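Below: the structure, in structure tokens.
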Amino acid sequence: MHLQAFHHYLHVALASRTKYKLMTCANIFKRNFSSKPGPLKHPVALLDQSLISRLPVSCITLFEAKKKKNLTFEAIAKKLNRDEVAVAALFYGQAKANEEDVKELSNLLDVDYSLLCQQLYQWPDRGRLLDMPPKDPLIYRFYEIIQNYGYAYKAILNEKFGDGIMSAVTFSTHVEKETDEKGDWVKITWRGKWLPFSRF
């Protein structure tokens with residue numbers, strides 16, 4: 001049932017004020033628009049075995065536990081109160097966990113707390129995962145975007161902010177899914193502090 005049709009039925013039910021129609025309306029809503037979680041539409045992301053030699057041991061521990069629990073990064077992120085991109089980066093050894101992250105991951109994934117402390121309280125060795133240009137088609141698309149629009153971004157940023165760079169350290173990013181009559185769309189937001197070049 002379309003939401004518009006449901007709204008029409010609700011309007012009729014409220015106008016008639018009959019108990020039967022209101023109960024029927026409630027049942028229709030429950031049946032068609034319940035927010036109860038269903039089965040995952042896509043399988044959860046697992047660790048690509050070809051990357052293991054480049055990753056810290058914590059990645060294997062975390063991904064194995066993620067697989068057993070069949071949890072998405074979105075579900076884990078809600079528990080950690082962090083963005084799912086930040087959590088995925090943590091799983092790939094590209095971000096650092098704090099004490100609260102370790103506690104929540106231990107509880108959620110049923111992994112020994114002391115083991116996680118030992119593995120996660122390390123300084124991340126960032127940037128070792130990718131060869132340039134990237135070989136994976138999806139990741140290559142980001143590289144291609146910068147190839148095509150990099151100088152356009154630079155020119156506009158210089159006009160708006162002056163001579164500087166966007167920080168990738170004081171930084172956040174978020175991925176959203178949008179759907180319309182033409183299909184599914186990816187929306188990715190980058191938010192970085194502007195860092196002016198120093199004059200010396």
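Numbering starts fresh at 1 for the residues of each chain in the structure tokens, the chains themselves are lettered A, B, ... in the order given, and ligands are numbered from 1 as they appear.
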
| field | Exercise: segment 58-67 of chain A partners within 6 Å, only C-alpha atoms, chain neighbours under 2 positions left out, as a list in words | value |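 What passes the distance filter is Pro56, Lys69, Asn70, Leu71, Phe91, Tyr92, Leu109 and Gln119 of chain A.
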
Give me the residues near segment 158-162 of chain A as a CSV table (one decimal) with N, CA and C atoms, in the first residue's frame, where near means some atom within 12 Å (using only C-alpha atoms) and where sequence neighbours in that chain fewer than 3 positions away do not count.
```
chain,number,residue,atom,x,y,z
A,151,TYR,N,41.2,20.1,-9.9
A,151,TYR,CA,41.6,21.5,-10.1
A,151,TYR,C,40.4,22.4,-9.9
A,152,ALA,N,39.2,21.9,-10.3
A,152,ALA,CA,38.0,22.7,-10.1
A,152,ALA,C,37.8,22.9,-8.6
A,153,TYR,N,37.9,21.8,-7.8
A,153,TYR,CA,37.8,22.0,-6.4
A,153,TYR,C,38.8,23.0,-5.8
A,154,LYS,N,40.1,22.8,-6.3
A,154,LYS,CA,41.1,23.7,-5.8
A,154,LYS,C,40.8,25.2,-6.1
A,155,ALA,N,40.4,25.5,-7.3
A,155,ALA,CA,40.1,26.9,-7.7
A,155,ALA,C,39.0,27.5,-6.9
A,165,ILE,N,44.8,24.4,2.6
A,165,ILE,CA,44.3,23.1,2.3
A,165,ILE,C,43.2,22.7,3.3
A,166,MET,N,42.4,21.7,2.8
A,166,MET,CA,41.4,21.1,3.8
A,166,MET,C,42.1,20.1,4.6
A,193,LYS,N,38.6,21.0,8.4
A,193,LYS,CA,39.0,22.4,8.8
A,193,LYS,C,39.9,22.9,7.8
A,194,TRP,N,39.7,24.2,7.5
A,194,TRP,CA,40.6,24.9,6.5
A,194,TRP,C,41.9,25.3,7.2
A,195,LEU,N,43.0,24.9,6.6
A,195,LEU,CA,44.3,25.2,7.1
A,195,LEU,C,45.1,26.2,6.2
A,196,PRO,N,45.2,27.4,6.5
A,196,PRO,CA,45.9,28.4,5.6
A,196,PRO,C,47.4,28.1,5.7
A,197,PHE,N,48.1,28.3,4.5
A,197,PHE,CA,49.5,28.2,4.5
A,197,PHE,C,50.1,29.3,5.3
A,198,SER,N,51.2,29.0,6.1
A,198,SER,CA,51.8,30.0,6.9
A,198,SER,C,52.8,30.9,6.0
```

| Got a sec to tell me which of segment 5-199 of chain A DSSP assigns to helix (DSSP H, G or I), as a PyMOL selection string? | chain A and resi 5-16+19-33+49-54+57-69+73-80+84-91+99-109+113-120+137-161

For segment 73-88 of chain A, find every residue with an atom within 12 Å (counting only C-alpha atoms), except residues of its own chain fewer than 4 positions away, and show them as a compact mmCIF listing (two decimals) with N, CA and C atoms, in the first residue's frame.
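Heads up, here's the output in around05.txt:
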```txt
# COMPACT_ATOMS: atom_id res chain seq x y z
N PRO A 37 12.84 -4.36 12.17
CA PRO A 37 13.94 -4.68 11.26
C PRO A 37 13.71 -6.02 10.58
N LEU A 40 18.83 -8.52 6.42
CA LEU A 40 19.71 -7.59 5.73
C LEU A 40 19.56 -7.75 4.22
N PRO A 43 24.78 -8.63 2.19
CA PRO A 43 25.62 -9.24 3.22
C PRO A 43 26.56 -8.22 3.85
N VAL A 44 26.95 -8.47 5.09
CA VAL A 44 27.85 -7.53 5.78
C VAL A 44 29.24 -7.59 5.15
N ALA A 45 29.97 -6.49 5.24
CA ALA A 45 31.33 -6.42 4.69
C ALA A 45 32.28 -7.25 5.53
N LEU A 46 33.08 -8.07 4.86
CA LEU A 46 34.09 -8.89 5.54
C LEU A 46 35.48 -8.46 5.09
N LEU A 47 36.48 -9.01 5.72
CA LEU A 47 37.86 -8.63 5.43
C LEU A 47 38.36 -9.32 4.17
N CYS A 59 42.69 -6.04 13.16
CA CYS A 59 41.72 -6.07 12.07
C CYS A 59 41.12 -7.46 11.91
N LEU A 62 38.72 -8.13 14.88
CA LEU A 62 37.47 -7.39 14.76
C LEU A 62 36.58 -7.93 13.64
N PHE A 63 37.16 -8.20 12.50
CA PHE A 63 36.36 -8.68 11.37
C PHE A 63 35.80 -10.08 11.61
N ALA A 65 34.95 -11.30 14.51
CA ALA A 65 33.84 -11.11 15.44
C ALA A 65 32.64 -10.48 14.75
N LYS A 66 32.90 -9.55 13.86
CA LYS A 66 31.83 -8.90 13.07
C LYS A 66 31.09 -9.94 12.23
N LYS A 67 31.84 -10.87 11.63
CA LYS A 67 31.25 -11.92 10.80
C LYS A 67 30.36 -12.83 11.64
N LYS A 69 28.82 -12.19 14.41
CA LYS A 69 27.63 -11.47 14.87
C LYS A 69 26.76 -10.99 13.71
N TYR A 92 39.80 -1.24 9.91
CA TYR A 92 40.90 -1.39 8.95
C TYR A 92 42.23 -0.85 9.48
N GLY A 93 42.28 -0.50 10.75
CA GLY A 93 43.53 -0.04 11.35
C GLY A 93 43.93 1.36 10.96
N GLN A 94 42.98 2.15 10.45
CA GLN A 94 43.28 3.50 9.99
C GLN A 94 42.82 4.58 10.97
N ALA A 95 42.30 4.17 12.11
CA ALA A 95 41.86 5.10 13.15
C ALA A 95 42.17 4.50 14.51
N LYS A 96 42.22 5.36 15.52
CA LYS A 96 42.58 4.90 16.86
C LYS A 96 41.34 4.79 17.74
N ALA A 97 41.27 3.72 18.52
CA ALA A 97 40.16 3.53 19.45
C ALA A 97 40.50 4.15 20.80
N ASN A 98 39.48 4.71 21.47
CA ASN A 98 39.69 5.13 22.86
C ASN A 98 39.14 4.06 23.79
N GLU A 99 39.22 4.30 25.09
CA GLU A 99 38.84 3.29 26.07
C GLU A 99 37.37 2.90 25.95
N GLU A 100 36.51 3.90 25.70
CA GLU A 100 35.09 3.63 25.58
C GLU A 100 34.79 2.77 24.34
N ASP A 101 35.50 3.05 23.24
CA ASP A 101 35.34 2.23 22.03
C ASP A 101 35.66 0.77 22.31
N VAL A 102 36.76 0.54 23.02
CA VAL A 102 37.20 -0.82 23.31
C VAL A 102 36.18 -1.55 24.18
N LYS A 103 35.66 -0.86 25.19
CA LYS A 103 34.64 -1.47 26.07
C LYS A 103 33.40 -1.86 25.28
N GLU A 104 32.92 -0.94 24.43
CA GLU A 104 31.70 -1.20 23.67
C GLU A 104 31.93 -2.32 22.65
N LEU A 105 33.08 -2.32 22.00
CA LEU A 105 33.38 -3.37 21.03
C LEU A 105 33.48 -4.74 21.71
N SER A 106 34.10 -4.76 22.87
CA SER A 106 34.24 -6.01 23.63
C SER A 106 32.86 -6.58 23.98
N ASN A 107 31.96 -5.72 24.45
CA ASN A 107 30.62 -6.17 24.83
C ASN A 107 29.79 -6.58 23.61
N LEU A 108 29.85 -5.76 22.58
CA LEU A 108 29.01 -5.99 21.40
C LEU A 108 29.45 -7.22 20.61
N LEU A 109 30.77 -7.39 20.47
CA LEU A 109 31.30 -8.45 19.62
C LEU A 109 31.69 -9.71 20.39
N PHE A 171 38.73 16.41 10.69
CA PHE A 171 37.97 15.99 9.51
C PHE A 171 36.88 15.01 9.91
N SER A 172 35.77 15.03 9.18
CA SER A 172 34.74 14.01 9.33
C SER A 172 34.13 13.73 7.96
N THR A 173 33.56 12.55 7.82
CA THR A 173 32.91 12.18 6.57
C THR A 173 31.71 11.31 6.87
N HIS A 174 30.73 11.37 5.99
CA HIS A 174 29.48 10.64 6.23
C HIS A 174 28.92 10.14 4.90
N VAL A 175 28.41 8.91 4.89
CA VAL A 175 27.85 8.30 3.69
C VAL A 175 26.34 8.15 3.88
N GLU A 176 25.58 8.58 2.88
CA GLU A 176 24.13 8.45 2.91
C GLU A 176 23.64 7.78 1.64
N ILE A 188 28.06 11.46 -0.35
CA ILE A 188 29.21 11.44 0.56
C ILE A 188 29.58 12.87 0.92
N THR A 189 29.67 13.13 2.21
CA THR A 189 30.03 14.47 2.71
C THR A 189 31.44 14.43 3.29
N TRP A 190 32.25 15.40 2.89
CA TRP A 190 33.57 15.63 3.51
C TRP A 190 33.49 16.94 4.28
```

| How many Å lie between atom CA of Ala168 of chain A and atom CA of Asp184 of chain A, rounded to one decimal? |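 Going from atom CA of Ala168 of chain A over to atom CA of Asp184 of chain A, I get 27.7 Å.
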
| task | Between atom CA of Ile52 of chain A and atom CA of Asp125 of chain A, measure the distance and give it in Å to one decimal. | result |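 Between these atoms lies a distance of 13.8 Å.
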
| note | Taken to one decimal, the atom CA of Gln147 of chain A-atom CA of Asp48 of chain A distance is 26.4 Å

| task | Please return as a count of residues only: the residues of segment 32-167 of chain A that backbone DSSP assigns to strand (DSSP E or B). | result | 4

| request: Check the smallest atom-to-atom distance from each of A:Leu90, A:Val169, A:Leu51, A:Leu157 to Trp123 of chain A using only C-alpha atoms, then report the winner. | output: A:Leu90
